[in-house]
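Asks: Pasting coords_29.txt here (compact mmCIF, C-alpha atoms):
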# COMPACT_ATOMS: atom_id res chain seq x y z
CA MET U 28 -19.21 14.70 12.38
CA LEU U 29 -17.25 17.77 11.31
CA SER U 30 -15.80 18.27 14.79
CA TYR U 31 -14.80 14.59 14.92
CA LEU U 32 -13.16 14.86 11.51
CA ALA U 33 -11.28 18.00 12.55
CA ARG U 34 -9.99 16.29 15.70
CA ARG U 35 -8.84 13.25 13.76
CA ILE U 36 -7.01 15.40 11.22
CA ALA U 37 -5.40 17.35 14.07
CA LEU U 38 -4.21 14.08 15.63
CA MET U 39 -2.51 13.18 12.36
CA VAL U 40 -0.04 16.03 12.86
CA PRO U 41 1.74 14.68 16.00
CA THR U 42 1.73 11.19 14.45
CA LEU U 43 3.48 12.39 11.32
CA LEU U 44 5.81 14.55 13.39
CA GLY U 45 6.81 11.52 15.47
CA VAL U 46 7.46 9.49 12.33
CA ALA U 47 9.57 12.29 10.90
CA LEU U 48 11.59 12.64 14.10
CA ILE U 49 12.31 8.92 14.44
CA THR U 50 13.09 8.48 10.75
CA PHE U 51 15.47 11.42 10.56
CA PHE U 52 17.61 10.53 13.55
CA MET U 53 17.54 6.77 13.01
CA LEU U 54 18.93 7.19 9.51
CA ARG U 55 21.85 9.20 10.90
CA VAL U 56 22.74 6.29 13.19
CA VAL U 57 22.86 3.70 10.39
CA PRO U 58 26.46 2.96 9.25
CA GLY U 59 27.50 4.16 5.82
CA ASP U 60 28.31 7.51 4.24
CA ILE U 61 26.52 8.42 1.03
CA VAL U 62 29.29 10.81 0.04
CA GLU U 63 31.96 8.12 0.12
CA MET U 64 29.65 5.64 -1.63
CA LYS U 65 28.90 8.12 -4.38
CA LEU U 66 32.45 9.36 -4.98
CA ARG U 67 34.13 5.97 -4.63
CA SER U 68 31.50 3.91 -6.46
CA ASP U 69 33.82 3.47 -9.48
CA GLY U 70 36.73 2.38 -7.33
CA GLY U 71 38.76 5.53 -7.89
CA TYR U 72 40.83 7.42 -5.32
CA VAL U 73 39.13 10.38 -3.68
CA THR U 74 40.81 12.75 -1.26
CA GLN U 75 39.36 13.60 2.13
CA GLU U 76 39.24 17.25 1.10
CA LEU U 77 36.90 16.42 -1.79
CA ILE U 78 34.72 14.33 0.52
CA ALA U 79 34.55 17.19 3.02
CA THR U 80 33.64 19.62 0.24
CA GLU U 81 30.84 17.37 -1.00
CA ARG U 82 29.51 16.89 2.54
CA ALA U 83 29.42 20.66 2.96
CA ARG U 84 27.59 21.04 -0.34
CA LEU U 85 24.94 18.54 0.77
CA GLY U 86 24.68 20.19 4.18
CA LEU U 87 25.81 17.07 6.07
CA ASP U 88 28.45 18.98 8.04
CA ARG U 89 25.85 21.07 9.84
CA PRO U 90 24.36 20.11 13.25
CA LEU U 91 21.62 17.51 13.12
CA VAL U 92 19.12 19.85 14.76
CA THR U 93 19.69 22.40 12.01
CA GLN U 94 19.31 19.77 9.31
CA PHE U 95 16.09 18.50 10.89
CA ALA U 96 14.64 22.01 11.20
CA GLU U 97 15.38 22.75 7.54
CA TRP U 98 13.87 19.44 6.45
CA MET U 99 10.69 20.04 8.46
CA GLN U 100 10.41 23.51 7.00
CA GLY U 101 10.65 21.96 3.56
CA LEU U 102 7.91 19.44 4.38
CA VAL U 103 5.56 22.22 5.45
CA THR U 104 6.17 24.05 2.18
CA LEU U 105 6.00 20.77 0.17
CA ASP U 106 9.68 21.06 -0.70
CA LEU U 107 11.01 17.52 -0.21
CA GLY U 108 14.59 18.46 -1.02
CA THR U 109 17.04 17.08 -3.56
CA SER U 110 18.16 13.49 -3.93
CA MET U 111 21.70 13.06 -2.66
CA TRP U 112 22.45 10.48 -5.32
CA THR U 113 20.80 11.69 -8.53
CA GLY U 114 20.70 15.41 -7.78
CA ARG U 115 17.08 15.60 -8.95
CA PRO U 116 14.24 16.98 -6.80
CA VAL U 117 12.79 14.28 -4.56
CA ALA U 118 9.24 15.33 -5.47
CA GLU U 119 10.07 14.67 -9.12
CA GLU U 120 11.65 11.28 -8.33
CA ILE U 121 8.55 10.20 -6.42
CA GLY U 122 6.03 11.83 -8.75
CA THR U 123 7.22 9.90 -11.81
CA ARG U 124 6.68 6.60 -9.99
CA PHE U 125 3.80 7.18 -7.61
CA GLY U 126 1.12 7.16 -10.31
CA LEU U 127 2.16 3.69 -11.49
CA THR U 128 2.19 2.19 -8.00
CA LEU U 129 -1.10 3.87 -7.07
CA GLN U 130 -2.81 2.54 -10.19
CA VAL U 131 -1.62 -1.03 -9.55
CA SER U 132 -2.75 -0.77 -5.91
CA VAL U 133 -6.19 0.59 -6.84
CA MET U 134 -6.68 -2.06 -9.52
CA ALA U 135 -5.58 -4.81 -7.11
CA ALA U 136 -7.98 -3.46 -4.47
CA ILE U 137 -10.91 -3.40 -6.92
CA ILE U 138 -10.15 -6.94 -8.12
CA SER U 139 -9.83 -8.23 -4.57
CA VAL U 140 -13.10 -6.67 -3.38
CA LEU U 141 -15.01 -7.99 -6.41
CA ILE U 142 -13.69 -11.47 -5.65
CA ALA U 143 -13.54 -11.47 -1.86
CA ILE U 144 -17.00 -10.26 -0.87
CA PRO U 145 -19.00 -12.76 -2.98
CA LEU U 146 -16.70 -15.67 -2.11
CA GLY U 147 -16.59 -14.83 1.57
CA THR U 148 -20.38 -14.49 1.69
CA LEU U 149 -20.96 -17.79 -0.12
CA SER U 150 -18.48 -19.55 2.13
CA ALA U 151 -20.29 -18.30 5.23
CA ILE U 152 -23.79 -19.06 3.97
CA PHE U 153 -22.89 -22.57 2.81
CA ARG U 154 -20.67 -23.28 5.78
CA ASP U 155 -19.14 -26.79 5.91
CA THR U 156 -20.41 -27.70 2.46
CA TRP U 157 -18.45 -28.34 -0.73
CA VAL U 158 -18.86 -24.64 -1.66
CA ASP U 159 -17.22 -23.61 1.61
CA TYR U 160 -14.42 -26.12 1.12
CA LEU U 161 -13.66 -24.85 -2.40
CA VAL U 162 -13.58 -21.24 -1.25
CA ARG U 163 -11.34 -22.10 1.69
CA VAL U 164 -8.91 -23.96 -0.60
CA PHE U 165 -8.91 -20.95 -2.95
CA THR U 166 -8.21 -18.48 -0.14
CA ILE U 167 -5.58 -20.63 1.59
CA ALA U 168 -3.77 -20.96 -1.74
CA GLY U 169 -3.89 -17.19 -2.10
CA LEU U 170 -2.29 -16.76 1.30
CA ALA U 171 0.37 -19.39 0.59
CA VAL U 172 1.40 -18.39 -2.93
CA PRO U 173 3.75 -15.37 -3.06
CA ALA U 174 2.55 -12.64 -5.41
CA PHE U 175 5.87 -12.45 -7.26
CA TRP U 176 5.83 -16.22 -7.93
CA LEU U 177 2.26 -16.02 -9.21
CA GLY U 178 3.39 -13.12 -11.40
CA MET U 179 6.14 -15.27 -12.89
CA LEU U 180 3.58 -18.02 -13.60
CA ILE U 181 1.31 -15.48 -15.29
CA ILE U 182 4.12 -14.29 -17.56
CA LEU U 183 5.17 -17.87 -18.41
CA GLY U 184 1.54 -18.80 -19.07
CA LEU U 185 1.05 -15.87 -21.42
CA LEU U 186 4.22 -16.80 -23.31
CA ALA U 187 3.36 -20.49 -23.52
CA LEU U 188 -0.31 -20.15 -24.46
CA PHE U 189 -0.46 -16.92 -26.44
CA HIS U 190 3.19 -16.26 -27.36
CA TRP U 191 2.77 -12.79 -25.89
CA SER U 192 4.27 -11.00 -22.92
CA PRO U 193 3.18 -7.76 -21.21
CA PRO U 194 4.84 -4.54 -22.43
CA VAL U 195 7.99 -3.57 -20.56
CA THR U 196 7.65 0.17 -21.16
CA TYR U 197 5.18 2.01 -18.94
CA THR U 198 2.49 3.95 -20.79
CA PRO U 199 0.28 6.36 -18.81
CA PHE U 200 -3.43 5.60 -18.87
CA TRP U 201 -4.37 8.91 -20.47
CA GLN U 202 -1.99 8.30 -23.37
CA SER U 203 -3.11 4.79 -24.26
CA PRO U 204 -5.58 3.04 -21.94
CA LEU U 205 -5.24 -0.27 -23.80
CA GLU U 206 -1.45 -0.42 -23.56
CA ASN U 207 -1.56 0.74 -19.96
CA LEU U 208 -4.04 -1.93 -18.89
CA SER U 209 -2.28 -4.63 -20.92
CA GLN U 210 0.80 -4.01 -18.78
CA LEU U 211 -0.64 -3.32 -15.32
CA ILE U 212 -3.58 -5.74 -15.18
CA TRP U 213 -1.24 -8.71 -14.65
CA PRO U 214 0.62 -7.42 -11.58
CA ALA U 215 -2.75 -6.22 -10.25
CA LEU U 216 -4.13 -9.76 -10.65
CA ALA U 217 -1.07 -11.31 -9.00
CA VAL U 218 -1.26 -8.98 -6.01
CA GLY U 219 -5.06 -8.85 -5.92
CA TYR U 220 -5.30 -12.64 -5.55
CA ARG U 221 -3.53 -12.62 -2.19
CA TYR U 222 -5.37 -9.44 -1.22
CA ALA U 223 -8.68 -11.14 -2.04
CA ALA U 224 -7.76 -14.22 0.00
CA VAL U 225 -7.17 -12.12 3.12
CA VAL U 226 -10.38 -10.13 2.75
CA ALA U 227 -12.50 -13.17 1.83
CA ARG U 228 -11.48 -15.05 4.97
CA MET U 229 -12.26 -11.99 7.06
CA VAL U 230 -15.67 -11.61 5.40
CA ARG U 231 -16.45 -15.28 6.00
CA SER U 232 -15.57 -15.21 9.69
CA SER U 233 -17.41 -11.90 10.22
CA ILE U 234 -20.62 -13.10 8.59
CA ILE U 235 -20.55 -16.36 10.55
CA GLU U 236 -20.19 -14.35 13.76
CA VAL U 237 -22.92 -11.86 12.86
CA MET U 238 -25.37 -14.58 11.84
CA LYS U 239 -25.41 -15.77 15.47
CA GLU U 240 -26.70 -12.42 16.77
CA ASP U 241 -30.18 -11.97 18.24
CA TYR U 242 -31.38 -9.48 15.64
CA ILE U 243 -30.66 -12.02 12.88
CA ARG U 244 -32.81 -14.63 14.64
CA THR U 245 -35.50 -11.99 15.10
CA ALA U 246 -35.48 -11.14 11.40
CA ARG U 247 -35.79 -14.80 10.50
CA ALA U 248 -38.62 -15.26 13.01
CA LYS U 249 -40.50 -12.39 11.37
CA GLY U 250 -40.39 -14.28 8.08
CA VAL U 251 -37.82 -12.14 6.26
CA PHE U 252 -36.33 -13.90 3.25
CA GLU U 253 -32.89 -15.37 3.94
CA ARG U 254 -31.33 -13.31 1.16
CA LEU U 255 -32.63 -10.11 2.72
CA VAL U 256 -31.45 -11.23 6.15
CA VAL U 257 -27.92 -11.66 4.82
CA MET U 258 -27.78 -8.62 2.54
CA ARG U 259 -29.71 -6.08 4.58
CA HIS U 260 -29.01 -7.07 8.18
CA ALA U 261 -25.82 -9.11 8.29
CA MET U 262 -23.59 -7.73 5.54
CA ARG U 263 -23.32 -4.13 6.72
CA ASN U 264 -22.13 -5.14 10.18
CA ALA U 265 -19.96 -7.97 8.89
CA LEU U 266 -18.13 -5.66 6.49
CA LEU U 267 -16.61 -3.51 9.23
CA PRO U 268 -13.65 -5.81 10.03
CA ALA U 269 -13.21 -6.56 6.32
CA ILE U 270 -12.99 -2.85 5.51
CA THR U 271 -10.31 -2.42 8.16
CA VAL U 272 -8.22 -5.23 6.69
CA ALA U 273 -8.80 -4.05 3.11
CA GLY U 274 -7.79 -0.48 3.92
CA LEU U 275 -4.59 -1.50 5.68
CA GLU U 276 -3.71 -3.92 2.89
CA PHE U 277 -4.19 -1.14 0.34
CA ALA U 278 -1.89 1.18 2.29
CA PHE U 279 0.69 -1.60 2.51
CA LEU U 280 0.61 -2.10 -1.27
CA ILE U 281 1.85 1.45 -1.89
CA GLY U 282 5.30 0.55 -0.60
CA GLY U 283 5.12 -3.24 -0.53
CA LEU U 284 5.24 -4.14 -4.22
CA VAL U 285 9.02 -4.37 -4.35
CA VAL U 286 9.45 -7.90 -5.74
CA THR U 287 6.30 -7.77 -7.86
CA GLU U 288 7.51 -4.58 -9.52
CA GLN U 289 10.83 -6.28 -10.20
CA VAL U 290 9.13 -9.29 -11.83
CA PHE U 291 6.99 -7.14 -14.13
CA ASN U 292 9.75 -4.55 -14.71
CA LEU U 293 7.75 -1.73 -13.14
CA ASN U 294 9.60 1.36 -11.98
CA GLY U 295 7.40 2.11 -8.99
CA ILE U 296 7.69 3.29 -5.40
CA GLY U 297 8.84 -0.11 -4.12
CA ARG U 298 11.84 -0.23 -6.44
CA LEU U 299 12.64 3.40 -5.68
CA PHE U 300 12.63 2.58 -1.96
CA VAL U 301 15.12 -0.25 -2.47
CA GLU U 302 17.40 1.95 -4.57
CA ALA U 303 17.28 4.73 -1.98
CA VAL U 304 18.19 2.34 0.86
CA SER U 305 20.99 0.67 -1.10
CA ARG U 306 22.51 4.09 -1.85
CA SER U 307 21.90 5.51 1.67
CA ASP U 308 20.06 8.44 0.11
CA PHE U 309 18.75 9.91 3.37
CA ILE U 310 16.68 12.66 1.82
CA LEU U 311 14.85 10.30 -0.52
CA ILE U 312 14.31 7.66 2.19
CA GLN U 313 12.86 10.27 4.54
CA ALA U 314 10.43 11.49 1.90
CA LEU U 315 9.31 7.94 1.04
CA VAL U 316 8.76 7.04 4.71
CA MET U 317 6.70 10.18 5.22
CA LEU U 318 4.67 9.36 2.10
CA LEU U 319 3.86 5.89 3.42
CA ALA U 320 3.04 7.25 6.87
CA LEU U 321 0.67 9.78 5.30
CA VAL U 322 -1.02 7.01 3.27
CA PHE U 323 -1.51 4.87 6.38
CA VAL U 324 -2.96 7.61 8.57
CA THR U 325 -5.20 8.78 5.73
CA MET U 326 -6.51 5.26 5.16
CA ASN U 327 -7.21 4.90 8.88
CA LEU U 328 -9.21 8.12 8.75
CA VAL U 329 -11.17 6.94 5.69
CA ILE U 330 -11.91 3.60 7.40
CA ASP U 331 -13.24 5.36 10.50
CA MET U 332 -15.49 7.51 8.34
CA LEU U 333 -16.83 4.44 6.53
CA TYR U 334 -17.73 2.87 9.87
CA GLY U 335 -20.34 5.54 10.43
CA VAL U 336 -21.76 5.06 6.93
CA LEU U 337 -22.09 1.27 7.13
CA ASP U 338 -23.14 0.92 10.76
CA PRO U 339 -25.69 3.47 12.06
CA ARG U 340 -24.74 2.53 15.62
CA VAL U 341 -21.34 4.15 15.10
CA ARG U 342 -21.66 7.84 15.76
CA HIS U 343 -18.83 10.29 15.20
CA GLY U 344 -18.97 13.34 17.34
As structure tokens, what does this structure read like?
Replies:
Amino acid sequence: MLSYLARRIALMVPTLLGVALITFFMLRVVPGDIVEMKLRSDGGYVTQELIATERARLGLDRPLVTQFAEWMQGLVTLDLGTSMWTGRPVAEEIGTRFGLTLQVSVMAAIISVLIAIPLGTLSAIFRDTWVDYLVRVFTIAGLAVPAFWLGMLIILGLLALFHWSPPVTYTPFWQSPLENLSQLIWPALAVGYRYAAVVARMVRSSIIEVMKEDYIRTARAKGVFERLVVMRHAMRNALLPAITVAGLEFAFLIGGLVVTEQVFNLNGIGRLFVEAVSRSDFILIQALVMLLALVFVTMNLVIDMLYGVLDPRVRHG
């Protein structure tokens, strides 16, 4: 197990290096100059000498290979550089927003798992009955309804029924858990509904497939109670595809809550990504892409480790 884990972690290095290489050079090909955008944003006249001076200050006049080498050196030492637009450290820009996005993603994941596994299991057990039809309608609606639109309905419903709206100012959990949850539970519900729909459909199809296996028929022939057949024999194997989908969906949420954050006025990673792209802030974009790549490869590693825990037939080594 330890040797397998060490190999997988070692394979993460060339993956992240490839992402860094592609991201760095692709951003230099995209049209637009952040220096001109920044200096001429107010519509004033700026001389070419001032633009050249600012480019030199930001290090944009140096060869691309040199810039890439310095950026990689900074990544190794956890120095993500300085934002070209705000002048603040990139680590500080991301750090003030990452906690909010991570909390919403974790809450959405917990909500989705608590909803998806029971519903998916019931839908599979009572296949082609009214229970199955209700669950399928619920999950199809979750796939069809955009999270941001559901978020708008939640806000309008709270205003219409309770004359109350979620707080607009973010409060960290350790300062006031009640205020924090009263703000973040609603976007987590909006996002978690779609998340739950995806996982529930995967759980349903997996259990239906597993219930056709020979060892399930053997367990039934031995007189094992149906509940034990489902929970002890079928669920652990059926959860493997669902865990894969759930893990990838969670990684996607870290950078995919752009519109939902806008609806609930959350200053998270998604909004920061949009601002960085609109301003052509190369340094900030590079750091955000590397953060998302790290989240994805880490989640893949966690999923592979869970395979061995849930299914004894999977051996890492």
Asks: Can you pull out the residues contacting range 170-187 of chain U? Cut-off 8 Å, using only C-alpha atoms, and skip same-chain residues under 2 positions away; I want them as a ChimeraX atom specification.
Replies: /U:166-168,189-193,213-214,217-218,220-221,224-225,286-287,290-291
Asks: So which residues touch range 233-244 of chain U within 10 Å, counting all atoms listed in the file, skipping near sequence neighbours fewer than 6 positions away, as a PyMOL selection string?
Replies: chain U and resi 147-152+154+227+251+253+256-257+260-269
Asks: Which distance in Å separates CA of Ala33 in chain U and CA of Gly126 in chain U, to one decimal?
Replies: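 We find that CA of Ala33 in chain U and CA of Gly126 in chain U lie 28.2 Å from each other.
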Asks: Can you tell me which residues surround range 81-93 of chain U at a distance of at most 9 Å, considering only C-alpha atoms, apart from same-chain residues fewer than 6 positions away, and format the answer as a compact mmCIF listing (two decimals) with C-alpha atoms, in the frame of the given file?
Replies:
# COMPACT_ATOMS: atom_id res chain seq x y z
CA PHE U 52 17.61 10.53 13.55
CA ARG U 55 21.85 9.20 10.90
CA VAL U 62 29.29 10.81 0.04
CA MET U 111 21.70 13.06 -2.66
Asks: At most 9 Å from (12.9, -4.4, -2.7), file frame, all atoms listed in the file: which residues, as a list in words?
Replies: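 Checking each residue against the 9 Å limit leaves Gly283, Leu284, Val285, Val286, Glu288, Gln289, Gly297, Arg298, Leu299, Phe300, Val301 and Glu302 of chain U.
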Asks: Between CA of Gln210 in chain U and CA of Val304 in chain U, what distance in Å does the model show, to one decimal?
Replies: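 Value for the CA of Gln210 in chain U-CA of Val304 in chain U distance: 27.0 Å.
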Asks: Out of U:Val329, U:Ala215, U:Val226, U:Leu77, which residue has the shortest atom-to-atom distance to Ala143 in chain U when counting all atoms listed in the file?
Replies: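 Checking each of U:Val329, U:Ala215, U:Val226, U:Leu77 against Ala143 in chain U, counting all atoms listed in the file, the winner is U:Val226.
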Asks: Could you please determine the separation between CA of Ala303 in chain U and CA of Ile49 in chain U in Å, to one decimal place?
Replies: 17.7 Å
Asks: Taking into account only C-alpha atoms, which residue in the set U:Pro194, U:Phe95, U:Val162, U:Thr245 is nearest to Thr50 in chain U?
Replies: U:Phe95
Asks: Show which residues sit within 10 Å of range 271-276 of chain U, as a ChimeraX atom specification. Count all atoms listed in the file, and ignore same-chain residues fewer than 3 positions away.
Replies: /U:132,136,139-140,222-223,225-227,229-230,266-268,279-281,283,322-331,333-334
Asks: Okay, now the selection with C-alpha atoms, as a PDB file, keeping the file's coordinate frame?
Replies:
ATOM      1  CA  SER U 132      -2.750  -0.770  -5.910  1.00  0.00           C
ATOM      2  CA  ALA U 136      -7.980  -3.460  -4.470  1.00  0.00           C
ATOM      3  CA  SER U 139      -9.830  -8.230  -4.570  1.00  0.00           C
ATOM      4  CA  VAL U 140     -13.100  -6.670  -3.380  1.00  0.00           C
ATOM      5  CA  TYR U 222      -5.370  -9.440  -1.220  1.00  0.00           C
ATOM      6  CA  ALA U 223      -8.680 -11.140  -2.040  1.00  0.00           C
ATOM      7  CA  VAL U 225      -7.170 -12.120   3.120  1.00  0.00           C
ATOM      8  CA  VAL U 226     -10.380 -10.130   2.750  1.00  0.00           C
ATOM      9  CA  ALA U 227     -12.500 -13.170   1.830  1.00  0.00           C
ATOM     10  CA  MET U 229     -12.260 -11.990   7.060  1.00  0.00           C
ATOM     11  CA  VAL U 230     -15.670 -11.610   5.400  1.00  0.00           C
ATOM     12  CA  LEU U 266     -18.130  -5.660   6.490  1.00  0.00           C
ATOM     13  CA  LEU U 267     -16.610  -3.510   9.230  1.00  0.00           C
ATOM     14  CA  PRO U 268     -13.650  -5.810  10.030  1.00  0.00           C
ATOM     15  CA  PHE U 279       0.690  -1.600   2.510  1.00  0.00           C
ATOM     16  CA  LEU U 280       0.610  -2.100  -1.270  1.00  0.00           C
ATOM     17  CA  ILE U 281       1.850   1.450  -1.890  1.00  0.00           C
ATOM     18  CA  GLY U 283       5.120  -3.240  -0.530  1.00  0.00           C
ATOM     19  CA  VAL U 322      -1.020   7.010   3.270  1.00  0.00           C
ATOM     20  CA  PHE U 323      -1.510   4.870   6.380  1.00  0.00           C
ATOM     21  CA  VAL U 324      -2.960   7.610   8.570  1.00  0.00           C
ATOM     22  CA  THR U 325      -5.200   8.780   5.730  1.00  0.00           C
ATOM     23  CA  MET U 326      -6.510   5.260   5.160  1.00  0.00           C
ATOM     24  CA  ASN U 327      -7.210   4.900   8.880  1.00  0.00           C
ATOM     25  CA  LEU U 328      -9.210   8.120   8.750  1.00  0.00           C
ATOM     26  CA  VAL U 329     -11.170   6.940   5.690  1.00  0.00           C
ATOM     27  CA  ILE U 330     -11.910   3.600   7.400  1.00  0.00           C
ATOM     28  CA  ASP U 331     -13.240   5.360  10.500  1.00  0.00           C
ATOM     29  CA  LEU U 333     -16.830   4.440   6.530  1.00  0.00           C
ATOM     30  CA  TYR U 334     -17.730   2.870   9.870  1.00  0.00           C
TER      31      TYR U 334
END
Asks: Box in all listed atoms of range 190-195 of chain U, axis-aligned, with 3 Å more on each side; write out centre and edge lengths in Å to one decimal as JSON.
Replies:
{"center_x": 5.4, "center_y": -9.9, "center_z": -24.0, "size_x": 11.2, "size_y": 18.7, "size_z": 12.8}
